[in-house]
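To be precise, the following lines are input_33.pdb, and they hold PDB, C-alpha atoms and all ligand atoms.
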ATOM      1  CA  MET Z  94     189.793 338.393  74.136
ATOM      2  CA  LEU Z  95     186.781 336.197  74.923
ATOM      3  CA  LYS Z  96     187.891 332.687  75.921
ATOM      4  CA  VAL Z  97     185.515 329.996  74.688
ATOM      5  CA  ALA Z  98     185.284 326.346  75.760
ATOM      6  CA  ILE Z  99     183.849 324.088  73.085
ATOM      7  CA  VAL Z 100     182.654 320.748  74.401
ATOM      8  CA  GLY Z 101     182.170 317.949  71.884
ATOM      9  CA  ALA Z 102     184.740 319.706  69.686
ATOM     10  CA  ALA Z 103     185.116 316.763  67.282
ATOM     11  CA  GLY Z 104     181.385 316.557  66.523
ATOM     12  CA  ARG Z 105     179.720 317.975  63.409
ATOM     13  CA  MET Z 106     178.722 321.166  65.209
ATOM     14  CA  GLY Z 107     181.851 321.197  67.405
ATOM     15  CA  ARG Z 108     184.167 321.417  64.386
ATOM     16  CA  THR Z 109     182.015 324.123  62.800
ATOM     17  CA  LEU Z 110     181.996 326.076  66.073
ATOM     18  CA  VAL Z 111     185.805 326.006  66.206
ATOM     19  CA  GLU Z 112     185.816 327.392  62.662
ATOM     20  CA  ALA Z 113     183.264 330.087  63.556
ATOM     21  CA  VAL Z 114     185.282 331.215  66.593
ATOM     22  CA  HIS Z 115     188.429 331.260  64.440
ATOM     23  CA  GLN Z 116     186.654 333.531  61.937
ATOM     24  CA  ASN Z 117     186.313 336.034  64.807
ATOM     25  CA  ASN Z 118     189.882 335.618  66.079
ATOM     26  CA  SER Z 119     190.426 339.325  66.691
ATOM     27  CA  THR Z 120     187.907 339.209  69.565
ATOM     28  CA  MET Z 121     187.660 335.580  70.672
ATOM     29  CA  CYS Z 122     189.571 332.292  70.812
ATOM     30  CA  VAL Z 123     188.960 328.655  71.728
ATOM     31  CA  SER Z 124     190.807 328.102  75.000
ATOM     32  CA  VAL Z 125     189.432 324.634  75.867
ATOM     33  CA  ALA Z 126     188.095 321.865  73.607
ATOM     34  CA  THR Z 127     186.792 318.562  74.928
ATOM     35  CA  VAL Z 128     186.017 315.199  73.351
ATOM     36  CA  LEU Z 129     185.008 311.812  74.769
ATOM     37  CA  ALA Z 130     187.819 309.572  76.084
ATOM     38  CA  ASP Z 131     187.449 307.076  73.200
ATOM     39  CA  ASP Z 132     187.345 309.719  70.469
ATOM     40  CA  PRO Z 133     190.120 309.281  67.846
ATOM     41  CA  ALA Z 134     190.435 313.089  67.910
ATOM     42  CA  LEU Z 135     191.659 313.076  71.555
ATOM     43  CA  GLY Z 136     194.912 315.027  71.877
ATOM     44  CA  VAL Z 137     194.655 316.431  68.347
ATOM     45  CA  ASP Z 138     195.037 320.175  67.704
ATOM     46  CA  ILE Z 139     191.531 321.579  67.141
ATOM     47  CA  GLY Z 140     192.674 323.592  64.142
ATOM     48  CA  LEU Z 141     193.576 320.359  62.353
ATOM     49  CA  LEU Z 142     190.025 319.091  62.957
ATOM     50  CA  SER Z 143     188.390 322.150  61.448
ATOM     51  CA  VAL Z 144     190.392 324.906  59.755
ATOM     52  CA  GLY Z 145     193.259 322.880  58.316
ATOM     53  CA  ALA Z 146     196.046 324.530  60.371
ATOM     54  CA  ALA Z 147     197.162 324.133  63.996
ATOM     55  CA  LEU Z 148     195.694 326.626  66.490
ATOM     56  CA  GLY Z 149     197.752 325.546  69.501
ATOM     57  CA  VAL Z 150     194.892 324.003  71.510
ATOM     58  CA  LYS Z 151     194.652 320.215  71.841
ATOM     59  CA  THR Z 152     191.472 318.354  72.701
ATOM     60  CA  VAL Z 153     191.151 316.979  76.248
ATOM     61  CA  VAL Z 154     188.657 314.851  78.179
ATOM     62  CA  GLY Z 155     186.410 316.764  80.573
ATOM     63  CA  LEU Z 156     186.771 320.172  82.177
ATOM     64  CA  ASP Z 157     188.186 319.163  85.569
ATOM     65  CA  HIS Z 158     191.822 319.606  84.657
ATOM     66  CA  GLN Z 159     194.340 322.333  85.210
ATOM     67  CA  GLY Z 160     194.105 325.045  82.633
ATOM     68  CA  ALA Z 161     190.338 324.785  81.981
ATOM     69  CA  ASP Z 162     190.325 328.544  81.649
ATOM     70  CA  PHE Z 163     187.350 330.038  79.793
ATOM     71  CA  ASP Z 164     184.635 332.731  79.994
ATOM     72  CA  VAL Z 165     181.815 330.931  78.218
ATOM     73  CA  LEU Z 166     181.103 327.296  77.373
ATOM     74  CA  VAL Z 167     179.395 326.354  74.111
ATOM     75  CA  ASP Z 168     177.638 323.003  74.203
ATOM     76  CA  PHE Z 169     176.276 321.098  71.212
ATOM     77  CA  THR Z 170     176.578 317.517  72.518
ATOM     78  CA  SER Z 171     173.894 315.236  74.012
ATOM     79  CA  PRO Z 172     171.301 315.892  76.735
ATOM     80  CA  GLU Z 173     173.216 313.816  79.332
ATOM     81  CA  ALA Z 174     176.528 315.549  78.595
ATOM     82  CA  THR Z 175     174.812 318.948  78.663
ATOM     83  CA  MET Z 176     173.536 318.217  82.185
ATOM     84  CA  ASP Z 177     177.120 317.445  83.326
ATOM     85  CA  HIS Z 178     178.418 320.646  81.725
ATOM     86  CA  LEU Z 179     175.587 322.602  83.319
ATOM     87  CA  ALA Z 180     176.593 321.358  86.781
ATOM     88  CA  TYR Z 181     180.230 322.309  86.099
ATOM     89  CA  CYS Z 182     179.375 325.814  84.855
ATOM     90  CA  ARG Z 183     176.986 326.421  87.749
ATOM     91  CA  ALA Z 184     179.630 325.360  90.293
ATOM     92  CA  ASN Z 185     182.342 327.422  88.586
ATOM     93  CA  ASN Z 186     180.254 330.475  87.717
ATOM     94  CA  LYS Z 187     180.619 330.295  83.921
ATOM     95  CA  ALA Z 188     178.198 331.499  81.235
ATOM     96  CA  MET Z 189     176.764 328.895  78.838
ATOM     97  CA  VAL Z 190     175.438 328.677  75.294
ATOM     98  CA  ILE Z 191     173.436 325.471  74.817
ATOM     99  CA  GLY Z 192     172.384 324.226  71.400
ATOM    100  CA  THR Z 193     171.827 320.570  72.321
ATOM    101  CA  THR Z 194     168.328 319.361  71.436
ATOM    102  CA  GLY Z 195     166.184 316.535  72.790
ATOM    103  CA  LEU Z 196     166.264 317.761  76.407
ATOM    104  CA  SER Z 197     163.462 316.268  78.533
ATOM    105  CA  ASN Z 198     161.092 318.486  80.526
ATOM    106  CA  ASP Z 199     163.078 317.673  83.684
ATOM    107  CA  GLN Z 200     166.345 318.594  81.976
ATOM    108  CA  GLN Z 201     164.833 321.881  80.775
ATOM    109  CA  GLN Z 202     163.753 322.588  84.346
ATOM    110  CA  SER Z 203     167.357 322.019  85.429
ATOM    111  CA  LEU Z 204     168.380 324.775  82.994
ATOM    112  CA  GLN Z 205     165.796 327.062  84.523
ATOM    113  CA  ALA Z 206     167.084 326.318  88.031
ATOM    114  CA  ALA Z 207     170.762 326.816  87.101
ATOM    115  CA  ALA Z 208     169.881 330.117  85.421
ATOM    116  CA  ALA Z 209     169.354 331.571  88.898
ATOM    117  CA  ASP Z 210     173.155 331.363  89.308
ATOM    118  CA  ILE Z 211     174.623 331.808  85.799
ATOM    119  CA  PRO Z 212     173.579 333.356  82.460
ATOM    120  CA  ILE Z 213     172.431 330.670  79.993
ATOM    121  CA  LEU Z 214     171.483 331.041  76.347
ATOM    122  CA  PHE Z 215     169.454 328.008  75.224
ATOM    123  CA  ALA Z 216     168.074 327.716  71.701
ATOM    124  CA  PRO Z 217     167.167 324.561  69.774
ATOM    125  CA  ASN Z 218     168.073 326.518  66.651
ATOM    126  CA  MET Z 219     170.655 329.305  66.594
ATOM    127  CA  SER Z 220     170.061 330.483  63.023
ATOM    128  CA  VAL Z 221     168.854 334.035  62.468
ATOM    129  CA  GLY Z 222     166.454 332.830  59.761
ATOM    130  CA  VAL Z 223     164.742 330.243  61.978
ATOM    131  CA  ASN Z 224     164.323 332.756  64.762
ATOM    132  CA  LEU Z 225     162.790 335.199  62.299
ATOM    133  CA  CYS Z 226     160.457 332.370  61.202
ATOM    134  CA  LEU Z 227     159.338 331.921  64.827
ATOM    135  CA  LYS Z 228     158.224 335.550  64.779
ATOM    136  CA  LEU Z 229     156.455 335.112  61.404
ATOM    137  CA  LEU Z 230     154.722 331.976  62.737
ATOM    138  CA  GLU Z 231     153.272 333.961  65.612
ATOM    139  CA  ASP Z 232     151.804 336.465  63.136
ATOM    140  CA  ALA Z 233     150.479 333.720  60.858
ATOM    141  CA  ALA Z 234     148.879 331.844  63.757
ATOM    142  CA  ARG Z 235     147.293 335.025  65.091
ATOM    143  CA  VAL Z 236     145.775 335.965  61.701
ATOM    144  CA  LEU Z 237     144.743 332.499  60.517
ATOM    145  CA  GLY Z 238     143.727 331.208  63.944
ATOM    146  CA  ASP Z 239     141.504 328.184  64.333
ATOM    147  CA  ASP Z 240     140.256 328.308  60.718
ATOM    148  CA  VAL Z 241     143.231 326.395  59.374
ATOM    149  CA  ASP Z 242     144.855 323.005  59.792
ATOM    150  CA  ILE Z 243     148.455 323.350  61.002
ATOM    151  CA  GLU Z 244     151.121 320.831  60.014
ATOM    152  CA  ILE Z 245     154.872 320.968  60.696
ATOM    153  CA  THR Z 246     157.232 318.963  58.478
ATOM    154  CA  GLU Z 247     160.947 318.663  59.139
ATOM    155  CA  ALA Z 248     163.847 316.886  57.425
ATOM    156  CA  HIS Z 249     167.360 316.201  58.746
ATOM    157  CA  HIS Z 250     170.393 314.040  57.991
ATOM    158  CA  ARG Z 251     170.438 310.303  58.717
ATOM    159  CA  PHE Z 252     172.634 310.703  61.854
ATOM    160  CA  LYS Z 253     170.233 312.896  63.846
ATOM    161  CA  LYS Z 254     169.144 311.129  67.016
ATOM    162  CA  ASP Z 255     166.089 313.031  68.313
ATOM    163  CA  ALA Z 256     162.724 313.378  66.548
ATOM    164  CA  PRO Z 257     160.861 315.542  65.893
ATOM    165  CA  SER Z 258     163.613 318.165  65.837
ATOM    166  CA  GLY Z 259     163.931 320.662  68.669
ATOM    167  CA  THR Z 260     163.199 323.380  66.109
ATOM    168  CA  ALA Z 261     159.966 321.726  64.971
ATOM    169  CA  LEU Z 262     158.856 321.409  68.607
ATOM    170  CA  LYS Z 263     159.771 325.034  69.248
ATOM    171  CA  MET Z 264     157.733 326.084  66.194
ATOM    172  CA  GLY Z 265     154.826 324.021  67.509
ATOM    173  CA  SER Z 266     155.036 325.541  70.969
ATOM    174  CA  VAL Z 267     155.155 329.116  69.616
ATOM    175  CA  ILE Z 268     152.033 328.448  67.509
ATOM    176  CA  ALA Z 269     150.236 326.627  70.339
ATOM    177  CA  GLU Z 270     150.986 329.438  72.775
ATOM    178  CA  THR Z 271     149.734 332.064  70.318
ATOM    179  CA  LEU Z 272     146.483 330.109  69.861
ATOM    180  CA  GLY Z 273     146.009 329.382  73.572
ATOM    181  CA  ARG Z 274     146.531 325.637  73.103
ATOM    182  CA  ASP Z 275     148.674 323.212  75.114
ATOM    183  CA  LEU Z 276     151.147 321.533  72.737
ATOM    184  CA  GLU Z 277     151.301 318.408  74.887
ATOM    185  CA  GLU Z 278     147.548 317.969  74.334
ATOM    186  CA  CYS Z 279     147.193 319.086  70.717
ATOM    187  CA  ALA Z 280     150.331 317.597  69.080
ATOM    188  CA  VAL Z 281     149.860 314.595  66.775
ATOM    189  CA  TYR Z 282     153.099 312.763  65.964
ATOM    190  CA  GLY Z 283     151.779 309.984  63.736
ATOM    191  CA  ARG Z 284     148.506 308.950  62.126
ATOM    192  CA  GLU Z 285     149.028 305.288  61.375
ATOM    193  CA  GLY Z 286     145.825 303.445  62.181
ATOM    194  CA  ALA Z 287     143.801 306.654  62.604
ATOM    195  CA  SER Z 288     140.177 306.251  61.519
ATOM    196  CA  GLU Z 289     138.751 309.693  62.188
ATOM    197  CA  GLU Z 290     138.857 312.998  60.332
ATOM    198  CA  ARG Z 291     141.459 315.519  61.340
ATOM    199  CA  ASP Z 292     140.643 317.549  64.450
ATOM    200  CA  ARG Z 293     141.158 321.207  63.456
ATOM    201  CA  LYS Z 294     142.772 322.081  66.771
ATOM    202  CA  THR Z 295     145.571 319.559  66.502
ATOM    203  CA  ILE Z 296     149.088 320.423  65.304
ATOM    204  CA  GLY Z 297     150.601 317.621  63.215
ATOM    205  CA  PHE Z 298     154.316 316.755  63.005
ATOM    206  CA  SER Z 299     156.041 314.767  60.238
ATOM    207  CA  THR Z 300     159.692 313.750  60.269
ATOM    208  CA  ILE Z 301     162.071 312.816  57.450
ATOM    209  CA  ARG Z 302     165.573 311.424  58.143
ATOM    210  CA  ALA Z 303     167.705 311.101  55.027
ATOM    211  CA  GLY Z 304     171.213 311.551  53.672
ATOM    212  CA  ASP Z 305     173.010 314.772  54.529
ATOM    213  CA  ILE Z 306     170.083 317.211  54.865
ATOM    214  CA  VAL Z 307     171.316 319.951  57.229
ATOM    215  CA  GLY Z 308     167.833 320.997  58.370
ATOM    216  CA  ASP Z 309     164.550 321.872  56.592
ATOM    217  CA  HIS Z 310     161.344 323.020  58.309
ATOM    218  CA  THR Z 311     157.982 323.885  56.762
ATOM    219  CA  VAL Z 312     154.865 324.945  58.623
ATOM    220  CA  THR Z 313     151.661 324.684  56.590
ATOM    221  CA  PHE Z 314     148.528 326.622  57.512
ATOM    222  CA  ALA Z 315     145.822 325.145  55.259
ATOM    223  CA  SER Z 316     142.144 325.984  54.842
ATOM    224  CA  LEU Z 317     139.646 324.907  52.157
ATOM    225  CA  GLY Z 318     140.766 327.116  49.263
ATOM    226  CA  GLU Z 319     144.246 328.308  50.148
ATOM    227  CA  ARG Z 320     147.300 327.556  52.188
ATOM    228  CA  VAL Z 321     150.195 329.517  53.604
ATOM    229  CA  GLU Z 322     153.581 327.826  54.022
ATOM    230  CA  ILE Z 323     156.506 329.204  55.975
ATOM    231  CA  THR Z 324     159.730 327.373  55.108
ATOM    232  CA  HIS Z 325     163.296 327.558  56.352
ATOM    233  CA  LYS Z 326     166.136 325.568  54.780
ATOM    234  CA  ALA Z 327     169.614 325.466  56.284
ATOM    235  CA  SER Z 328     172.315 324.533  53.788
ATOM    236  CA  SER Z 329     175.338 324.871  56.091
ATOM    237  CA  ARG Z 330     175.986 324.207  59.788
ATOM    238  CA  MET Z 331     177.873 327.506  59.795
ATOM    239  CA  THR Z 332     174.513 329.279  60.049
ATOM    240  CA  PHE Z 333     173.991 327.673  63.497
ATOM    241  CA  ALA Z 334     177.620 328.140  64.550
ATOM    242  CA  SER Z 335     177.632 331.842  63.618
ATOM    243  CA  GLY Z 336     174.482 332.329  65.695
ATOM    244  CA  ALA Z 337     176.075 330.490  68.624
ATOM    245  CA  VAL Z 338     179.219 332.641  68.415
ATOM    246  CA  ARG Z 339     177.093 335.797  68.327
ATOM    247  CA  GLY Z 340     175.204 334.392  71.317
ATOM    248  CA  ALA Z 341     178.459 333.664  73.198
ATOM    249  CA  GLN Z 342     179.583 337.278  72.806
ATOM    250  CA  TRP Z 343     176.170 338.463  73.986
ATOM    251  CA  ILE Z 344     175.580 336.117  76.936
ATOM    252  CA  VAL Z 345     178.768 337.054  78.809
ATOM    253  CA  ALA Z 346     177.402 340.589  79.232
ATOM    254  CA  GLN Z 347     174.036 339.440  80.660
ATOM    255  CA  GLU Z 348     172.731 339.044  84.200
ATOM    256  CA  ASN Z 349     172.031 335.514  85.439
ATOM    257  CA  GLY Z 350     168.964 334.091  83.697
ATOM    258  CA  LEU Z 351     167.715 331.850  80.888
ATOM    259  CA  TYR Z 352     167.701 333.543  77.485
ATOM    260  CA  SER Z 353     166.700 332.559  73.947
ATOM    261  CA  MET Z 354     168.016 333.538  70.520
ATOM    262  CA  ARG Z 355     165.100 335.942  70.225
ATOM    263  CA  ASP Z 356     166.621 337.889  73.124
ATOM    264  CA  VAL Z 357     170.000 337.973  71.350
ATOM    265  CA  LEU Z 358     168.435 339.144  68.082
ATOM    266  CA  GLU Z 359     165.961 341.475  69.837
ATOM    267  CA  LEU Z 360     163.075 339.972  67.833
TER     268      LEU Z 360
HETATM  269  P1  LIG Q 401     177.531 314.966  66.740
HETATM  270  O1  LIG Q 401     177.141 313.602  67.213
HETATM  271  O2  LIG Q 401     178.239 315.107  65.445
HETATM  272  O3  LIG Q 401     178.427 315.715  67.856
HETATM  273  C1  LIG Q 401     178.263 315.596  69.228
HETATM  274  C2  LIG Q 401     179.653 315.380  69.802
HETATM  275  O4  LIG Q 401     179.613 315.510  71.224
HETATM  276  C3  LIG Q 401     180.226 313.981  69.495
HETATM  277  O5  LIG Q 401     181.502 314.125  68.910
HETATM  278  C4  LIG Q 401     180.315 313.329  70.879
HETATM  279  O6  LIG Q 401     181.415 312.438  70.978
HETATM  280  C5  LIG Q 401     180.524 314.552  71.745
HETATM  281  N1  LIG Q 401     180.213 314.360  73.172
HETATM  282  C6  LIG Q 401     179.164 313.736  73.745
HETATM  283  N2  LIG Q 401     179.264 313.784  75.094
HETATM  284  C7  LIG Q 401     180.408 314.446  75.372
HETATM  285  C8  LIG Q 401     181.064 314.823  76.577
HETATM  286  N3  LIG Q 401     180.567 314.489  77.773
HETATM  287  N4  LIG Q 401     182.234 315.500  76.489
HETATM  288  C9  LIG Q 401     182.763 315.837  75.285
HETATM  289  N5  LIG Q 401     182.178 315.511  74.112
HETATM  290  C10 LIG Q 401     181.023 314.828  74.159
HETATM  291  O7  LIG Q 401     176.165 315.797  66.734
HETATM  292  P2  LIG Q 401     175.886 317.238  66.068
HETATM  293  O8  LIG Q 401     175.234 317.059  64.741
HETATM  294  O9  LIG Q 401     177.103 318.084  66.193
HETATM  295  O10 LIG Q 401     174.747 317.775  67.055
HETATM  296  C11 LIG Q 401     174.975 317.910  68.439
HETATM  297  C12 LIG Q 401     173.723 318.466  69.091
HETATM  298  O11 LIG Q 401     173.473 319.806  68.617
HETATM  299  C13 LIG Q 401     172.448 317.691  68.788
HETATM  300  O12 LIG Q 401     171.615 317.703  69.935
HETATM  301  C14 LIG Q 401     171.813 318.486  67.658
HETATM  302  O13 LIG Q 401     170.423 318.303  67.541
HETATM  303  C15 LIG Q 401     172.150 319.876  68.120
HETATM  304  N6  LIG Q 401     172.110 320.916  67.091
HETATM  305  C16 LIG Q 401     171.623 322.125  67.470
HETATM  306  C17 LIG Q 401     171.626 323.178  66.581
HETATM  307  C18 LIG Q 401     171.152 324.532  67.038
HETATM  308  O14 LIG Q 401     171.181 325.496  66.255
HETATM  309  N7  LIG Q 401     170.762 324.669  68.304
HETATM  310  C19 LIG Q 401     172.108 322.996  65.271
HETATM  311  C20 LIG Q 401     172.616 321.745  64.910
HETATM  312  C21 LIG Q 401     172.635 320.704  65.835
END

Can you dump the structure from the file as structure tokens?
Amino acid sequence: MLKVAIVGAAGRMGRTLVEAVHQNNSTMCVSVATVLADDPALGVDIGLLSVGAALGVKTVVGLDHQGADFDVLVDFTSPEATMDHLAYCRANNKAMVIGTTGLSNDQQQSLQAAAADIPILFAPNMSVGVNLCLKLLEDAARVLGDDVDIEITEAHHRFKKDAPSGTALKMGSVIAETLGRDLEECAVYGREGASEERDRKTIGFSTIRAGDIVGDHTVTFASLGERVEITHKASSRMTFASGAVRGAQWIVAQENGLYSMRDVLEL
């Protein structure tokens, strides 16, 4: 039985992750679930937060307590919290699945460094469909090349804190890499006040934050006469949680290193 620690268990993704692990309860279970000290869900049985029936595991604060017994930690929290969890897992030799987005370059380098000591799966989007789209985007960029204008539009719910989304940035970096461009140099995040025509070699990003949108991404490759659009729409957080659970089962069998969802899915 694979023992899973879910940090941020009362969050939107945390609750869905508990449900996803429970759906696989013949092979895995949640053995530890953490929340912040001021969370009203502290001390509550995780099953009551997610699946509507007690599962016998109550939420706690932090991992430094007796009984923090787990094989893999799944983290969908905030960049700062993820760095704390990374230090804990590195010191205690535990595998990690990280879905938190908005990590800075320095924080991503910390993942790379820790991956020398533990296996880490890091993906800004755990859905199978988005990871397939990343592959399709590579093909589209290769075929359409510098002849087209490339624009990435994303929409998420009103509570999302980082922008553009980690998925949109990942899409941009896959396209930029395929075309031999540096995303940091070619990305355009806003055009207010611009007074020049579009530079063909830029990649534009547009962000919508509204209501309860789970996550939409469209990449447009447009020339004069036609355009190709690759779109992914998530309608349930379970799509990300199922990917994370699949990733958790996979990462515990890997050597130390930093892996992506494309490794898990063999894309
Ligand atoms: P959320 O705000 O609903 O949940 C985050 C939870 O983490 C909160 O309950 C918060 O109290 C808790 N938390 C923060 N620090 C903590 C700590 N030190 N210990 C314990 N709990 C802590 O947010 P969400 O919508 O669930 O998203 C969380 C993250 O996951 C975001 O970065 C989001 O962009 C990302 N995300 C990734 C994917 C993916 O597929 N990779 C999918 C959806 C969301």

With ligand LIG 401 (chain Q) as the partner and 9 Å as the cut-off, tabulate the residues of chain Z that qualify, each row holding the nearest pair of atoms and their distance in Å to one decimal, using all atoms listed in the file, sorted by chain and rising number, as a tab-separated table.
residue	atom	partner	partner_atom	distance
Z:Ile99	CA	Q:LIG401	C9	8.6
Z:Val100	CA	Q:LIG401	C9	5.0
Z:Gly101	CA	Q:LIG401	N5	3.3
Z:Ala102	CA	Q:LIG401	O5	6.5
Z:Ala103	CA	Q:LIG401	O5	4.8
Z:Gly104	CA	Q:LIG401	O3	3.4
Z:Arg105	CA	Q:LIG401	O2	3.8
Z:Met106	CA	Q:LIG401	O9	3.6
Z:Gly107	CA	Q:LIG401	O9	5.8
Z:Arg108	CA	Q:LIG401	O9	8.0
Z:Thr109	CA	Q:LIG401	O9	8.5
Z:Ala126	CA	Q:LIG401	C9	8.2
Z:Thr127	CA	Q:LIG401	C9	4.9
Z:Val128	CA	Q:LIG401	C9	3.8
Z:Leu129	CA	Q:LIG401	C9	4.6
Z:Ala130	CA	Q:LIG401	C9	8.1
Z:Asp131	CA	Q:LIG401	O6	8.4
Z:Asp132	CA	Q:LIG401	O6	6.5
Z:Val153	CA	Q:LIG401	C9	8.5
Z:Val154	CA	Q:LIG401	C9	6.6
Z:Gly155	CA	Q:LIG401	N4	6.0
Z:Leu156	CA	Q:LIG401	N4	8.6
Z:Asp168	CA	Q:LIG401	O11	7.7
Z:Phe169	CA	Q:LIG401	O11	4.0
Z:Thr170	CA	Q:LIG401	O4	3.9
Z:Ser171	CA	Q:LIG401	O12	5.3
Z:Pro172	CA	Q:LIG401	O12	7.0
Z:Glu173	CA	Q:LIG401	N2	7.4
Z:Ala174	CA	Q:LIG401	N3	4.3
Z:Thr175	CA	Q:LIG401	N3	7.3
Z:Asp177	CA	Q:LIG401	N3	7.2
Z:His178	CA	Q:LIG401	N3	7.6
Z:Ile191	CA	Q:LIG401	N7	7.1
Z:Gly192	CA	Q:LIG401	N7	3.5
Z:Thr193	CA	Q:LIG401	O12	3.7
Z:Thr194	CA	Q:LIG401	O12	4.0
Z:Gly195	CA	Q:LIG401	O12	6.2
Z:Leu196	CA	Q:LIG401	O12	8.4
Z:Phe215	CA	Q:LIG401	N7	7.8
Z:Ala216	CA	Q:LIG401	N7	5.3
Z:Pro217	CA	Q:LIG401	N7	3.9
Z:Asn218	CA	Q:LIG401	O14	3.3
Z:Met219	CA	Q:LIG401	O14	3.9
Z:Ser220	CA	Q:LIG401	O14	6.0
Z:His250	CA	Q:LIG401	O8	8.8
Z:Phe252	CA	Q:LIG401	O8	7.4
Z:Lys253	CA	Q:LIG401	O13	6.6
Z:Lys254	CA	Q:LIG401	O13	7.3
Z:Asp255	CA	Q:LIG401	O13	6.9
Z:Ser258	CA	Q:LIG401	O13	7.0
Z:Gly259	CA	Q:LIG401	O13	7.0
Z:Thr260	CA	Q:LIG401	N7	8.0
Z:Val307	CA	Q:LIG401	C20	8.0
Z:Gly308	CA	Q:LIG401	C20	8.1
Z:Arg330	CA	Q:LIG401	C20	6.6
Z:Thr332	CA	Q:LIG401	O14	8.0
Z:Phe333	CA	Q:LIG401	O14	4.5
Z:Ala334	CA	Q:LIG401	O14	7.2
Z:Gly336	CA	Q:LIG401	O14	7.6
Z:Ala337	CA	Q:LIG401	O14	7.4

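The nearest approach to Ile301 (chain Z) among the residues Z:Pro257, Z:Gly140, Z:Gly286, Z:Gly222, with all atoms listed in the file taken into account, belongs to Z:Pro257.
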
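With all atoms listed in the file as the atoms that count, the minimum distance from Thr300 (chain Z) to the choices Z:Thr246, Z:Ser197, Z:Asn224, Z:Ser143 is reached by Z:Thr246.
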
>> Tell me which residues come within 8 Å of (167.4, 313.8, 52.0), as a ChimeraX atom specification, counting only C-alpha atoms in the file's coordinates.
In response: /Z:248-250,301-306

Just C-alpha atoms for this one: save the residues we selected as a JSON list (two decimals), in the coordinates of the input.
[["chain", "number", "residue", "atom", "x", "y", "z"],
["Z", 248, "ALA", "CA", 163.85, 316.89, 57.42],
["Z", 249, "HIS", "CA", 167.36, 316.20, 58.75],
["Z", 250, "HIS", "CA", 170.39, 314.04, 57.99],
["Z", 301, "ILE", "CA", 162.07, 312.82, 57.45],
["Z", 302, "ARG", "CA", 165.57, 311.42, 58.14],
["Z", 303, "ALA", "CA", 167.70, 311.10, 55.03],
["Z", 304, "GLY", "CA", 171.21, 311.55, 53.67],
["Z", 305, "ASP", "CA", 173.01, 314.77, 54.53],
["Z", 306, "ILE", "CA", 170.08, 317.21, 54.86]]

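Taking only C-alpha atoms into account, the protein, DNA and RNA residues within 9 Å of (164.6, 328.9, 56.1) read Ser220, Gly222, Val223, Cys226, Gly308, Asp309, His310, Thr311, Ile323, Thr324, His325, Lys326 and Ala327 of chain Z.
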
>> I'd like the interatomic distance between CA of Glu348 (chain Z) and CA of Leu214 (chain Z), to a tenth of an Å.
In response: 11.3 Å

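Running the PyMOL selection byres (((chain Z and resi 265) around 9) and not hetatm) on this file leaves Glu244, Ile245, Thr260, Ala261, Leu262, Lys263, Met264, Ser266, Val267, Ile268, Ala269, Glu270, Leu276, Ala280, Ile296, Gly297, Phe298 and Val312 of chain Z selected.
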
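The interatomic distance for the pair CA of Leu230 (chain Z) and CA of Arg284 (chain Z) works out to 23.9 Å.
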
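Minimum atom-to-atom distance to Ser124 (chain Z), evaluated using only C-alpha atoms, belongs to Z:Val97 out of Z:Gly136, Z:Val97, Z:Asp242, Z:Leu358.
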
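If you look at CA of Asn117 (chain Z) and CA of Phe163 (chain Z), they are 16.2 Å away from each other.
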
>> If the PyMOL selection byres (((chain Z and resi 314) around 6) and not hetatm) were run on this exact file, what residues would it hold? Put them as a ChimeraX atom specification.
In response: /Z:241-243,313,315,320-321

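Using all atoms listed in the file for every distance, the candidate list Z:Val125, Z:Val281, Z:Leu229, Z:Ile213 yields Z:Ile213 as the residue closest to Ser353 (chain Z).
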
>> Between Z:Ser329, Z:Thr271, Z:Gln202, Z:Gln342, which residue has the minimum interatomic distance to Arg235 (chain Z), considering only C-alpha atoms?
In response: Z:Thr271

> If the PyMOL selection byres (((chain Z and resi 94) around 6) and not hetatm) is run on the structure shown, which residues does it catch, given as number ranges by chain?
Replying inline: Z: 95, 120-121

Take the selection from the previous step and output its residues with C-alpha atoms, as an mmCIF file, in the frame of the given file.
data_model
loop_
_atom_site.group_PDB
_atom_site.id
_atom_site.type_symbol
_atom_site.label_atom_id
_atom_site.label_comp_id
_atom_site.auth_asym_id
_atom_site.auth_seq_id
_atom_site.Cartn_x
_atom_site.Cartn_y
_atom_site.Cartn_z
ATOM 1 C CA LEU Z 95 186.781 336.197 74.923
ATOM 2 C CA THR Z 120 187.907 339.209 69.565
ATOM 3 C CA MET Z 121 187.660 335.580 70.672
#

Using only the atoms of region 302-308 of chain Z listed in the file, plus 8 Å on each side, state the axis-aligned box centre and edge lengths in Å rounded to one decimal, as AutoDock Vina command-line options.
--center_x 169.3 --center_y 316.0 --center_z 56.0 --size_x 23.4 --size_y 25.9 --size_z 20.7

>> Could you check the closest approach to Met176 (chain Z) for each of Z:Gly149, Z:Val190, Z:Leu204, Z:Thr295 and tell me which residue wins, using only C-alpha atoms?
In response: Z:Leu204

>> Which residues are close to Gln347 (chain Z), i.e. within 12 Å by all atoms listed in the file, leaving aside same-chain residues fewer than 6 positions away? Reply as a PyMOL selection string.
In response: chain Z and resi 165+187-189+208+210-214+340-341+356-357
